[in-house]
>>> print(open('work.pdb').read())   # PDB, C-alpha atoms
ATOM      1  CA  MET A   1      17.664   5.323  -5.330
ATOM      2  CA  LYS A   2      19.465   8.538  -6.121
ATOM      3  CA  ALA A   3      18.374  11.514  -4.029
ATOM      4  CA  GLU A   4      17.763  13.606  -7.129
ATOM      5  CA  TYR A   5      15.012  11.207  -8.241
ATOM      6  CA  ILE A   6      12.889  12.752  -5.526
ATOM      7  CA  ASN A   7      12.819  16.122  -7.296
ATOM      8  CA  PRO A   8      10.121  15.315  -9.899
ATOM      9  CA  PHE A   9       7.893  14.046  -7.065
ATOM     10  CA  ILE A  10       8.384  17.226  -5.067
ATOM     11  CA  ALA A  11       7.732  19.350  -8.150
ATOM     12  CA  ALA A  12       4.599  17.334  -8.971
ATOM     13  CA  LEU A  13       3.318  17.652  -5.418
ATOM     14  CA  GLU A  14       3.938  21.393  -5.273
ATOM     15  CA  ASN A  15       2.286  21.781  -8.657
ATOM     16  CA  PHE A  16      -0.749  19.773  -7.517
ATOM     17  CA  CYS A  17      -1.123  21.894  -4.397
ATOM     18  CA  GLU A  18      -0.823  25.156  -6.285
ATOM     19  CA  THR A  19      -3.021  24.359  -9.274
ATOM     20  CA  MET A  20      -5.587  21.905  -7.855
ATOM     21  CA  LEU A  21      -5.820  23.124  -4.274
ATOM     22  CA  GLY A  22      -4.823  26.767  -4.625
ATOM     23  CA  CYS A  23      -2.475  26.428  -1.692
ATOM     24  CA  SER A  24       1.240  26.908  -1.350
ATOM     25  CA  VAL A  25       3.335  24.358   0.515
ATOM     26  CA  GLU A  26       6.463  24.743   2.551
ATOM     27  CA  ARG A  27       8.888  21.863   2.234
ATOM     28  CA  GLY A  28      10.593  20.523   5.361
ATOM     29  CA  LYS A  29      13.898  18.742   5.643
ATOM     30  CA  LEU A  30      14.395  15.710   3.393
ATOM     31  CA  LYS A  31      15.007  12.567   5.374
ATOM     32  CA  VAL A  32      16.756   9.543   3.907
ATOM     33  CA  ALA A  33      16.152   6.301   5.738
ATOM     34  CA  ASN A  34      16.508   2.598   5.447
ATOM     35  CA  SER A  35      15.452  -0.219   7.702
ATOM     36  CA  ALA A  36      18.978  -1.305   8.591
ATOM     37  CA  LEU A  37      19.622   2.184   9.905
ATOM     38  CA  GLU A  38      16.417   2.018  11.910
ATOM     39  CA  ILE A  39      17.453  -1.213  13.584
ATOM     40  CA  GLU A  40      20.746   0.326  14.653
ATOM     41  CA  HIS A  41      19.103   3.567  15.705
ATOM     42  CA  PRO A  42      15.592   2.779  16.893
ATOM     43  CA  GLU A  43      15.193   6.359  18.084
ATOM     44  CA  ILE A  44      15.022   7.479  14.444
ATOM     45  CA  ASP A  45      11.752   5.650  14.054
ATOM     46  CA  GLN A  46      10.200   7.838  16.705
ATOM     47  CA  ALA A  47      10.840  10.882  14.597
ATOM     48  CA  PHE A  48       8.665   9.563  11.779
ATOM     49  CA  ALA A  49       5.216  11.109  11.803
ATOM     50  CA  LYS A  50       2.382   8.610  12.072
ATOM     51  CA  TYR A  51      -0.685   9.991  10.447
ATOM     52  CA  ASP A  52      -4.310   8.898  10.112
ATOM     53  CA  ILE A  53      -4.692   8.288   6.391
ATOM     54  CA  SER A  54      -2.159   7.267   3.742
ATOM     55  CA  ALA A  55      -2.526   6.863  -0.005
ATOM     56  CA  ILE A  56      -0.103   4.402  -1.610
ATOM     57  CA  ILE A  57       0.675   3.794  -5.288
ATOM     58  CA  GLY A  58       3.138   1.406  -6.924
ATOM     59  CA  LEU A  59       5.577   2.230  -9.750
ATOM     60  CA  THR A  60       6.983  -0.262 -12.221
ATOM     61  CA  GLY A  61       9.230  -0.155 -15.274
ATOM     62  CA  LYS A  62      13.001  -0.012 -15.197
ATOM     63  CA  VAL A  63      12.337   0.928 -11.576
ATOM     64  CA  ARG A  64      10.151  -0.707  -8.933
ATOM     65  CA  GLY A  65       8.871   1.603  -6.256
ATOM     66  CA  THR A  66       6.110   3.122  -4.205
ATOM     67  CA  VAL A  67       4.899   6.608  -3.436
ATOM     68  CA  VAL A  68       3.034   7.293  -0.202
ATOM     69  CA  LEU A  69       1.226  10.462   0.866
ATOM     70  CA  SER A  70       0.281  10.556   4.562
ATOM     71  CA  PHE A  71      -2.072  12.987   6.231
ATOM     72  CA  PRO A  72      -3.502  13.759   9.633
ATOM     73  CA  ALA A  73      -7.314  13.362   9.375
ATOM     74  CA  LYS A  74      -7.835  17.127   9.484
ATOM     75  CA  THR A  75      -5.417  17.819   6.611
ATOM     76  CA  ALA A  76      -7.079  15.102   4.490
ATOM     77  CA  LEU A  77     -10.483  16.646   5.184
ATOM     78  CA  MET A  78      -9.282  20.130   4.231
ATOM     79  CA  ILE A  79      -7.631  18.825   1.048
ATOM     80  CA  ALA A  80     -10.801  16.974  -0.013
ATOM     81  CA  ARG A  81     -12.892  20.121   0.627
ATOM     82  CA  ARG A  82     -10.573  22.247  -1.457
ATOM     83  CA  PHE A  83     -10.129  19.613  -4.197
ATOM     84  CA  LEU A  84     -13.893  19.168  -4.581
ATOM     85  CA  ASP A  85     -14.714  22.814  -3.872
ATOM     86  CA  THR A  86     -17.209  22.099  -1.102
ATOM     87  CA  GLU A  87     -17.357  22.762   2.636
ATOM     88  CA  LYS A  88     -19.716  19.828   3.133
ATOM     89  CA  ILE A  89     -17.204  17.141   4.074
ATOM     90  CA  PHE A  90     -17.088  16.489   7.799
ATOM     91  CA  LYS A  91     -15.523  13.077   8.250
ATOM     92  CA  ILE A  92     -13.083  10.653   6.657
ATOM     93  CA  ASP A  93     -15.521   8.953   4.309
ATOM     94  CA  GLU A  94     -15.354   7.545   0.775
ATOM     95  CA  ILE A  95     -15.152  11.054  -0.671
ATOM     96  CA  VAL A  96     -11.980  11.808   1.276
ATOM     97  CA  ILE A  97     -10.527   8.378   0.456
ATOM     98  CA  ASP A  98     -11.161   9.030  -3.248
ATOM     99  CA  ALA A  99      -9.607  12.503  -2.998
ATOM    100  CA  VAL A 100      -6.324  11.325  -1.456
ATOM    101  CA  ALA A 101      -6.192   8.330  -3.837
ATOM    102  CA  GLU A 102      -6.619  10.721  -6.768
ATOM    103  CA  MET A 103      -3.975  13.044  -5.318
ATOM    104  CA  VAL A 104      -1.310  10.302  -5.150
ATOM    105  CA  ASN A 105      -2.348   9.133  -8.630
ATOM    106  CA  ILE A 106      -1.937  12.612 -10.137
ATOM    107  CA  VAL A 107       1.318  13.398  -8.290
ATOM    108  CA  ALA A 108       2.953  10.062  -9.221
ATOM    109  CA  GLY A 109       1.579  10.304 -12.775
ATOM    110  CA  ASN A 110       3.024  13.766 -13.239
ATOM    111  CA  ALA A 111       6.390  12.807 -11.702
ATOM    112  CA  LYS A 112       6.756   9.693 -13.865
ATOM    113  CA  THR A 113       6.540  11.704 -17.088
ATOM    114  CA  HIS A 114       9.522  13.741 -15.881
ATOM    115  CA  LEU A 115      11.463  10.655 -14.810
ATOM    116  CA  SER A 116      10.883   8.830 -18.088
ATOM    117  CA  ASP A 117      13.765  10.576 -19.893
ATOM    118  CA  GLU A 118      16.225   8.851 -17.634
ATOM    119  CA  LEU A 119      14.335   5.793 -16.491
ATOM    120  CA  GLY A 120      12.136   4.863 -19.451
ATOM    121  CA  LEU A 121       8.437   4.120 -19.326
ATOM    122  CA  ILE A 122       7.057   3.929 -15.785
ATOM    123  CA  LYS A 123       3.585   2.599 -15.040
ATOM    124  CA  LEU A 124       1.382   3.107 -11.997
ATOM    125  CA  SER A 125      -0.586   0.509 -10.052
ATOM    126  CA  LEU A 126      -4.028   1.223  -8.591
ATOM    127  CA  PRO A 127      -3.868   3.437  -5.518
ATOM    128  CA  THR A 128      -4.651   1.911  -2.130
ATOM    129  CA  VAL A 129      -5.645   3.886   0.939
ATOM    130  CA  VAL A 130      -4.883   2.927   4.535
ATOM    131  CA  ARG A 131      -7.031   4.515   7.204
ATOM    132  CA  GLY A 132      -6.743   4.094  10.930
ATOM    133  CA  ARG A 133      -5.057   5.171  14.082
ATOM    134  CA  ASN A 134      -1.500   4.433  14.940
ATOM    135  CA  PHE A 135      -0.321   2.511  11.897
ATOM    136  CA  GLU A 136       3.061   2.654  10.203
ATOM    137  CA  ILE A 137       4.089   2.239   6.571
ATOM    138  CA  ARG A 138       7.180   0.039   6.347
ATOM    139  CA  TYR A 139       9.459  -1.245   3.615
ATOM    140  CA  PRO A 140      11.556  -4.395   3.449
ATOM    141  CA  THR A 141      15.019  -4.238   5.018
ATOM    142  CA  GLY A 142      17.576  -2.766   2.676
ATOM    143  CA  SER A 143      15.082  -0.502   0.943
ATOM    144  CA  ILE A 144      15.974   3.132   1.010
ATOM    145  CA  TRP A 145      13.201   5.656   1.156
ATOM    146  CA  LEU A 146      13.047   9.389   1.156
ATOM    147  CA  GLN A 147      10.590  11.238   3.316
ATOM    148  CA  ILE A 148       9.718  14.890   2.904
ATOM    149  CA  PRO A 149       7.468  16.688   5.374
ATOM    150  CA  PHE A 150       5.334  19.521   4.046
ATOM    151  CA  ASN A 151       3.426  22.264   5.735
ATOM    152  CA  SER A 152       0.569  24.126   4.095
ATOM    153  CA  ASP A 153      -2.389  26.283   5.031
ATOM    154  CA  LEU A 154      -4.440  23.060   4.786
ATOM    155  CA  GLY A 155      -2.233  21.418   7.426
ATOM    156  CA  PRO A 156       0.911  19.274   7.584
ATOM    157  CA  PHE A 157       1.470  16.051   5.641
ATOM    158  CA  PHE A 158       4.371  14.054   4.238
ATOM    159  CA  MET A 159       5.444  12.163   1.135
ATOM    160  CA  GLN A 160       7.557   9.008   1.096
ATOM    161  CA  VAL A 161       9.176   7.725  -2.080
ATOM    162  CA  SER A 162      11.062   4.472  -2.409
ATOM    163  CA  PHE A 163      12.358   2.840  -5.532
ATOM    164  CA  GLU A 164      15.105   0.734  -6.952
ATOM    165  CA  LYS A 165      16.328   0.079 -10.492
ATOM    166  CA  VAL A 166      15.556  -3.393 -11.803
TER     167      VAL A 166
ATOM    168  CA  MET B 167     -12.237  -7.495 -12.733
ATOM    169  CA  LYS B 168     -13.515 -10.922 -13.683
ATOM    170  CA  ALA B 169     -13.934 -13.295 -10.746
ATOM    171  CA  GLU B 170     -11.854 -15.964 -12.480
ATOM    172  CA  TYR B 171      -8.808 -13.681 -12.417
ATOM    173  CA  ILE B 172      -8.611 -14.462  -8.729
ATOM    174  CA  ASN B 173      -7.792 -18.117  -9.392
ATOM    175  CA  PRO B 174      -4.076 -17.722 -10.204
ATOM    176  CA  PHE B 175      -3.660 -15.733  -6.978
ATOM    177  CA  ILE B 176      -5.381 -18.431  -4.933
ATOM    178  CA  ALA B 177      -3.289 -21.127  -6.613
ATOM    179  CA  ALA B 178      -0.084 -19.147  -6.011
ATOM    180  CA  LEU B 179      -0.978 -18.604  -2.363
ATOM    181  CA  GLU B 180      -1.818 -22.250  -1.777
ATOM    182  CA  ASN B 181       1.381 -23.266  -3.527
ATOM    183  CA  PHE B 182       3.442 -20.864  -1.390
ATOM    184  CA  CYS B 183       1.917 -22.218   1.810
ATOM    185  CA  GLU B 184       2.481 -25.830   0.833
ATOM    186  CA  THR B 185       5.990 -25.552  -0.580
ATOM    187  CA  MET B 186       7.510 -22.687   1.428
ATOM    188  CA  LEU B 187       5.695 -23.077   4.743
ATOM    189  CA  GLY B 188       4.805 -26.773   4.693
ATOM    190  CA  CYS B 189       1.263 -25.942   5.725
ATOM    191  CA  SER B 190      -2.050 -26.591   4.063
ATOM    192  CA  VAL B 191      -4.649 -23.842   3.877
ATOM    193  CA  GLU B 192      -8.404 -23.970   3.912
ATOM    194  CA  ARG B 193     -10.055 -21.390   1.729
ATOM    195  CA  GLY B 194     -13.115 -19.538   3.044
ATOM    196  CA  LYS B 195     -15.905 -17.950   1.087
ATOM    197  CA  LEU B 196     -14.905 -15.508  -1.653
ATOM    198  CA  LYS B 197     -16.294 -12.048  -1.058
ATOM    199  CA  VAL B 198     -16.778  -9.537  -3.846
ATOM    200  CA  ALA B 199     -17.059  -5.945  -2.742
ATOM    201  CA  ASN B 200     -16.955  -2.414  -3.974
ATOM    202  CA  SER B 201     -17.113   0.900  -2.218
ATOM    203  CA  ALA B 202     -20.466   1.926  -3.669
ATOM    204  CA  LEU B 203     -21.969  -1.219  -2.184
ATOM    205  CA  GLU B 204     -20.383  -0.411   1.147
ATOM    206  CA  ILE B 205     -21.937   3.049   1.229
ATOM    207  CA  GLU B 206     -25.369   1.569   0.646
ATOM    208  CA  HIS B 207     -24.771  -1.253   3.101
ATOM    209  CA  PRO B 208     -22.382  -0.004   5.781
ATOM    210  CA  GLU B 209     -22.963  -3.212   7.739
ATOM    211  CA  ILE B 210     -20.904  -5.081   5.126
ATOM    212  CA  ASP B 211     -17.811  -3.186   6.187
ATOM    213  CA  GLN B 212     -18.133  -4.635   9.658
ATOM    214  CA  ALA B 213     -17.712  -8.095   8.250
ATOM    215  CA  PHE B 214     -14.268  -7.286   6.882
ATOM    216  CA  ALA B 215     -11.511  -8.569   9.086
ATOM    217  CA  LYS B 216      -9.105  -5.921  10.349
ATOM    218  CA  TYR B 217      -5.751  -7.443  10.995
ATOM    219  CA  ASP B 218      -2.474  -6.196  12.464
ATOM    220  CA  ILE B 219      -0.098  -6.396   9.532
ATOM    221  CA  SER B 220      -0.704  -6.139   5.786
ATOM    222  CA  ALA B 221       1.663  -6.540   2.855
ATOM    223  CA  ILE B 222       0.667  -4.633  -0.291
ATOM    224  CA  ILE B 223       2.054  -4.880  -3.822
ATOM    225  CA  GLY B 224       1.025  -3.088  -7.007
ATOM    226  CA  LEU B 225       0.481  -4.647 -10.448
ATOM    227  CA  THR B 226       0.813  -2.832 -13.763
ATOM    228  CA  GLY B 227       0.601  -3.750 -17.432
ATOM    229  CA  LYS B 228      -2.625  -4.121 -19.389
ATOM    230  CA  VAL B 229      -4.092  -4.211 -15.894
ATOM    231  CA  ARG B 230      -3.597  -1.915 -12.919
ATOM    232  CA  GLY B 231      -4.147  -3.481  -9.550
ATOM    233  CA  THR B 232      -3.036  -4.351  -6.058
ATOM    234  CA  VAL B 233      -2.664  -7.506  -4.025
ATOM    235  CA  VAL B 234      -2.912  -7.366  -0.225
ATOM    236  CA  LEU B 235      -2.171 -10.098   2.302
ATOM    237  CA  SER B 236      -3.407  -9.328   5.832
ATOM    238  CA  PHE B 237      -2.492 -11.192   9.002
ATOM    239  CA  PRO B 238      -3.193 -11.104  12.716
ATOM    240  CA  ALA B 239       0.152 -10.518  14.503
ATOM    241  CA  LYS B 240       0.266 -14.135  15.666
ATOM    242  CA  THR B 241      -0.211 -15.579  12.176
ATOM    243  CA  ALA B 242       2.499 -13.287  10.776
ATOM    244  CA  LEU B 243       4.864 -14.419  13.520
ATOM    245  CA  MET B 244       4.158 -18.095  12.843
ATOM    246  CA  ILE B 245       4.595 -17.635   9.081
ATOM    247  CA  ALA B 246       7.946 -15.856   9.566
ATOM    248  CA  ARG B 247       9.149 -18.634  11.882
ATOM    249  CA  ARG B 248       8.208 -21.315   9.396
ATOM    250  CA  PHE B 249       9.493 -19.362   6.366
ATOM    251  CA  LEU B 250      12.890 -18.772   8.008
ATOM    252  CA  ASP B 251      12.945 -22.099   9.819
ATOM    253  CA  THR B 252      13.564 -20.637  13.267
ATOM    254  CA  GLU B 253      11.597 -20.459  16.513
ATOM    255  CA  LYS B 254      13.487 -17.359  17.571
ATOM    256  CA  ILE B 255      11.061 -14.694  16.390
ATOM    257  CA  PHE B 256       8.968 -13.259  19.197
ATOM    258  CA  LYS B 257       7.638  -9.944  17.977
ATOM    259  CA  ILE B 258       6.631  -8.092  14.837
ATOM    260  CA  ASP B 259      10.042  -6.771  13.880
ATOM    261  CA  GLU B 260      11.918  -6.196  10.626
ATOM    262  CA  ILE B 261      12.302  -9.926  10.087
ATOM    263  CA  VAL B 262       8.549 -10.462  10.112
ATOM    264  CA  ILE B 263       8.016  -7.375   7.923
ATOM    265  CA  ASP B 264      10.520  -8.779   5.412
ATOM    266  CA  ALA B 265       8.854 -12.211   5.507
ATOM    267  CA  VAL B 266       5.345 -10.959   4.702
ATOM    268  CA  ALA B 267       6.731  -8.547   2.070
ATOM    269  CA  GLU B 268       8.523 -11.486   0.444
ATOM    270  CA  MET B 269       5.367 -13.609   0.667
ATOM    271  CA  VAL B 270       3.227 -11.067  -1.231
ATOM    272  CA  ASN B 271       6.075 -10.617  -3.739
ATOM    273  CA  ILE B 272       6.311 -14.349  -4.425
ATOM    274  CA  VAL B 273       2.533 -14.929  -4.536
ATOM    275  CA  ALA B 274       1.890 -11.985  -6.892
ATOM    276  CA  GLY B 275       4.942 -12.920  -8.977
ATOM    277  CA  ASN B 276       3.768 -16.480  -9.397
ATOM    278  CA  ALA B 277       0.179 -15.421 -10.185
ATOM    279  CA  LYS B 278       1.270 -12.895 -12.823
ATOM    280  CA  THR B 279       3.066 -15.525 -14.885
ATOM    281  CA  HIS B 280      -0.228 -17.447 -15.077
ATOM    282  CA  LEU B 281      -2.233 -14.330 -15.924
ATOM    283  CA  SER B 282       0.151 -13.216 -18.668
ATOM    284  CA  ASP B 283      -1.406 -15.490 -21.313
ATOM    285  CA  GLU B 284      -4.582 -13.493 -21.185
ATOM    286  CA  LEU B 285      -3.429 -10.135 -19.885
ATOM    287  CA  GLY B 286       0.078  -9.729 -21.298
ATOM    288  CA  LEU B 287       3.169  -8.747 -19.355
ATOM    289  CA  ILE B 288       2.419  -7.700 -15.781
ATOM    290  CA  LYS B 289       5.017  -6.016 -13.565
ATOM    291  CA  LEU B 290       5.152  -5.715  -9.802
ATOM    292  CA  SER B 291       5.921  -2.637  -7.723
ATOM    293  CA  LEU B 292       7.967  -2.792  -4.512
ATOM    294  CA  PRO B 293       6.017  -4.296  -1.640
ATOM    295  CA  THR B 294       4.924  -2.034   1.215
ATOM    296  CA  VAL B 295       3.958  -3.234   4.677
ATOM    297  CA  VAL B 296       1.434  -1.570   6.975
ATOM    298  CA  ARG B 297       1.658  -2.385  10.647
ATOM    299  CA  GLY B 298      -0.607  -1.193  13.426
ATOM    300  CA  ARG B 299      -3.804  -1.654  15.299
ATOM    301  CA  ASN B 300      -7.196  -0.999  13.883
ATOM    302  CA  PHE B 301      -6.395   0.144  10.377
ATOM    303  CA  GLU B 302      -8.299  -0.577   7.185
ATOM    304  CA  ILE B 303      -7.152  -1.021   3.607
ATOM    305  CA  ARG B 304      -9.464   0.859   1.247
ATOM    306  CA  TYR B 305      -9.805   1.355  -2.478
ATOM    307  CA  PRO B 306     -11.258   4.261  -4.441
ATOM    308  CA  THR B 307     -15.029   4.229  -5.021
ATOM    309  CA  GLY B 308     -15.977   2.120  -8.001
ATOM    310  CA  SER B 309     -13.090  -0.305  -7.544
ATOM    311  CA  ILE B 310     -14.110  -3.905  -7.185
ATOM    312  CA  TRP B 311     -12.050  -6.120  -4.992
ATOM    313  CA  LEU B 312     -12.163  -9.760  -4.106
ATOM    314  CA  GLN B 313     -11.396 -10.935  -0.604
ATOM    315  CA  ILE B 314     -10.676 -14.526   0.313
ATOM    316  CA  PRO B 315     -10.250 -15.584   3.930
ATOM    317  CA  PHE B 316      -7.924 -18.495   4.612
ATOM    318  CA  ASN B 317      -7.435 -20.674   7.613
ATOM    319  CA  SER B 318      -4.269 -22.655   8.261
ATOM    320  CA  ASP B 319      -2.432 -24.367  11.097
ATOM    321  CA  LEU B 320      -0.373 -21.149  11.303
ATOM    322  CA  GLY B 321      -3.554 -19.130  11.885
ATOM    323  CA  PRO B 322      -6.125 -17.195   9.832
ATOM    324  CA  PHE B 323      -5.325 -14.505   7.257
ATOM    325  CA  PHE B 324      -6.863 -13.069   4.119
ATOM    326  CA  MET B 325      -5.968 -11.965   0.612
ATOM    327  CA  GLN B 326      -7.509  -9.035  -1.259
ATOM    328  CA  VAL B 327      -7.055  -8.574  -4.988
ATOM    329  CA  SER B 328      -8.252  -5.592  -6.983
ATOM    330  CA  PHE B 329      -7.527  -4.765 -10.576
ATOM    331  CA  GLU B 330      -8.935  -3.177 -13.681
ATOM    332  CA  LYS B 331      -7.982  -3.369 -17.351
ATOM    333  CA  VAL B 332      -6.438  -0.219 -18.745
TER     334      VAL B 332
END
>>> encode(input="work.pdb", output="C-alpha cells")
Amino acid sequence: MKAEYINPFIAALENFCETMLGCSVERGKLKVANSALEIEHPEIDQAFAKYDISAIIGLTGKVRGTVVLSFPAKTALMIARRFLDTEKIFKIDEIVIDAVAEMVNIVAGNAKTHLSDELGLIKLSLPTVVRGRNFEIRYPTGSIWLQIPFNSDLGPFFMQVSFEKV
Amino acid sequence: MKAEYINPFIAALENFCETMLGCSVERGKLKVANSALEIEHPEIDQAFAKYDISAIIGLTGKVRGTVVLSFPAKTALMIARRFLDTEKIFKIDEIVIDAVAEMVNIVAGNAKTHLSDELGLIKLSLPTVVRGRNFEIRYPTGSIWLQIPFNSDLGPFFMQVSFEKV
C-alpha cells in the first residue's frame, strides 16, 4: 500500500474524535511495518503497543484490507462514556464493545468515501472486537501495515491499516 | 443470518481438512448466539471456547460478515505442519500465522462461491490473525453468530460465522 492511502483514515479518525467525542487528538509517528522485517528485527515487535481491546473491520473492492483500532481498557471506557454521553460505564461490557465497533465502522466508512476517487467502490465487512489481555494482531507475511499512535485527553490508542490492490 | 447459510462454510472447511490436510473432522453441535442473549444469560459465555490463535476474514457484498477460525496453539501447530508437509515447526511463529490466515482465506473463498447463487458476488477482506492468551472474539450487540466446534486428529478447533444482509 502507498503511504498516502493512510491519510483519509487519519482524517476520518481525527474528524470522529472532534465531532463525536469532542476531543482533540495528537498524532504520533507513523510506523510502517511488515512481517518479513519483524523476523529480521524481532526487537521491532517489542515496540508495538499491545492493548486490551481492538476493533477490526475488513475492506474489499479494488483493494483488500483491514483497519484496526486498539485501545487500553481505560481509553475504551472513556471513549464509550463520551460517545454515549454518560458517566455510567464502569467496565468493558457490551456497551463498550458496541462503541468501539461503531467507531471503527464510522472511521473506515468515512475514509472509504475519500479513497473511492482513486480506488473505486470499497465495501466494509462487519466489525469484530477482540478483548483480552496480552494479545497481538498479526498479518500474513509480506503484508505491509501502517500503524499510527494517537494521544488524546481520553487516553492513548492506535490505528493500524493494511491493504493491497487486487 | 439464516442457519442454512452456515452449510457452505462447513462444507468448505471439511473439504479443506480432507484435501489439504488429509484429516477428517468431526463436527460438534452448532451453537447460535447473540450478544443480547449473552447479557441475559452470562453463563452461556462461559461455554465458549477461548483459544490461543484466531484467523479472521471479512465478507462484503449483499451481505456483510466475518468468518473466524480459532485454534488451541497445539492444533494450529499441527495444522501448519500438515499444510506445509514438514515436522519442523515448533512454535507459533510467522509460518503458523500464515498457515491459519491462508486456511480462513481458502475456506471463506470456497464458501462464497457456493453462496453467490443466492447472495450475489461476495468479496473477502485481507485475513487478520489474533494471537495471545485469554482473549475473546466479540461482535456488536444484535449480531447473530453461529459457532461450530470441530474435532480432528490434529486437535480441536472451532469456526464462527456472522453475517447480515445489507
>>> residues_near_point(input="work.pdb", point="(3.8, -3.4, 4.8)", cutoff="12 Å", atoms="all atoms listed in the file", output="PyMOL selection string")
(chain A and resi 56+66+68+130+135-141) or (chain B and resi 218-223+233-237+242+258-271+292-298+303)
>>> residues_around(input="work.pdb", residues="Ser24 of chain A", least_positions_apart="4", cutoff="10 Å", atoms="all atoms listed in the file", output="PyMOL selection string")
chain A and resi 14-19+151-154
>>> residues_around(input="work.pdb", residues="Lys91 of chain A", least_positions_apart="5", cutoff="9 Å", atoms="all atoms listed in the file", output="short mmCIF file (atom, residue, chain, number, x, y, z; two decimals) with C-alpha atoms, in the frame of the given file")
data_model
loop_
_atom_site.label_atom_id
_atom_site.label_comp_id
_atom_site.auth_asym_id
_atom_site.auth_seq_id
_atom_site.Cartn_x
_atom_site.Cartn_y
_atom_site.Cartn_z
CA ALA A 73 -7.31 13.36 9.38
CA LYS A 74 -7.84 17.13 9.48
CA LEU A 77 -10.48 16.65 5.18
CA VAL A 96 -11.98 11.81 1.28
#
>>> atom_distance(input="work.pdb", atom1="atom CA of Pro8 of chain A", atom2="atom CA of Arg81 of chain A")
25.8 Å
>>> closest_residue(input="work.pdb", among="A:Thr75, A:Gln147, A:Asn134, A:Gln160", to="chain B", atoms="all atoms listed in the file")
A:Asn134
>>> atom_distance(input="work.pdb", atom1="atom CA of Thr226 of chain B", atom2="atom CA of Arg64 of chain A")
10.7 Å
>>> atom_distance(input="work.pdb", atom1="atom CA of Phe175 of chain B", atom2="atom CA of Ser328 of chain B")
11.1 Å
>>> closest_residue(input="work.pdb", among="A:Val161, A:Cys23, A:Leu119, A:Leu84", to="Pro149 of chain A", atoms="all atoms listed in the file")
A:Val161
>>> resolve_selection(input="work.pdb", expression="the PyMOL selection byres ((chain A and resi 4) around 12)", output="list in words")
Met1, Lys2, Ala3, Tyr5, Ile6, Asn7, Pro8, Phe9, Ile10, Ala11, Leu30, Val32, Leu115, Glu118, Leu146 and Val161 of chain A
>>> resolve_selection(input="work.pdb", expression="the PyMOL selection byres ((chain A and resi 111) around 6)", output="MDAnalysis selection string")
chainID A and resid 8:9 12 108:110 112:114
>>> write_last_selection(input="work.pdb", atoms="C-alpha atoms", output="CSV table (one decimal), in the coordinates of the input")
chain,number,residue,atom,x,y,z
A,8,PRO,CA,10.1,15.3,-9.9
A,9,PHE,CA,7.9,14.0,-7.1
A,12,ALA,CA,4.6,17.3,-9.0
A,108,ALA,CA,3.0,10.1,-9.2
A,109,GLY,CA,1.6,10.3,-12.8
A,110,ASN,CA,3.0,13.8,-13.2
A,112,LYS,CA,6.8,9.7,-13.9
A,113,THR,CA,6.5,11.7,-17.1
A,114,HIS,CA,9.5,13.7,-15.9
>>> axis_aligned_box(input="work.pdb", around="segment 221-225 of chain B", padding_each_side="4 Å", output="lines of an AutoDock Vina configuration file")
center_x = 1.3
center_y = -4.8
center_z = -3.8
size_x = 9.6
size_y = 11.5
size_z = 21.3
>>> closest_residue(input="work.pdb", among="A:Ile89, A:Met159, A:Met78, A:Leu124", to="chain B", atoms="all atoms listed in the file")
A:Leu124
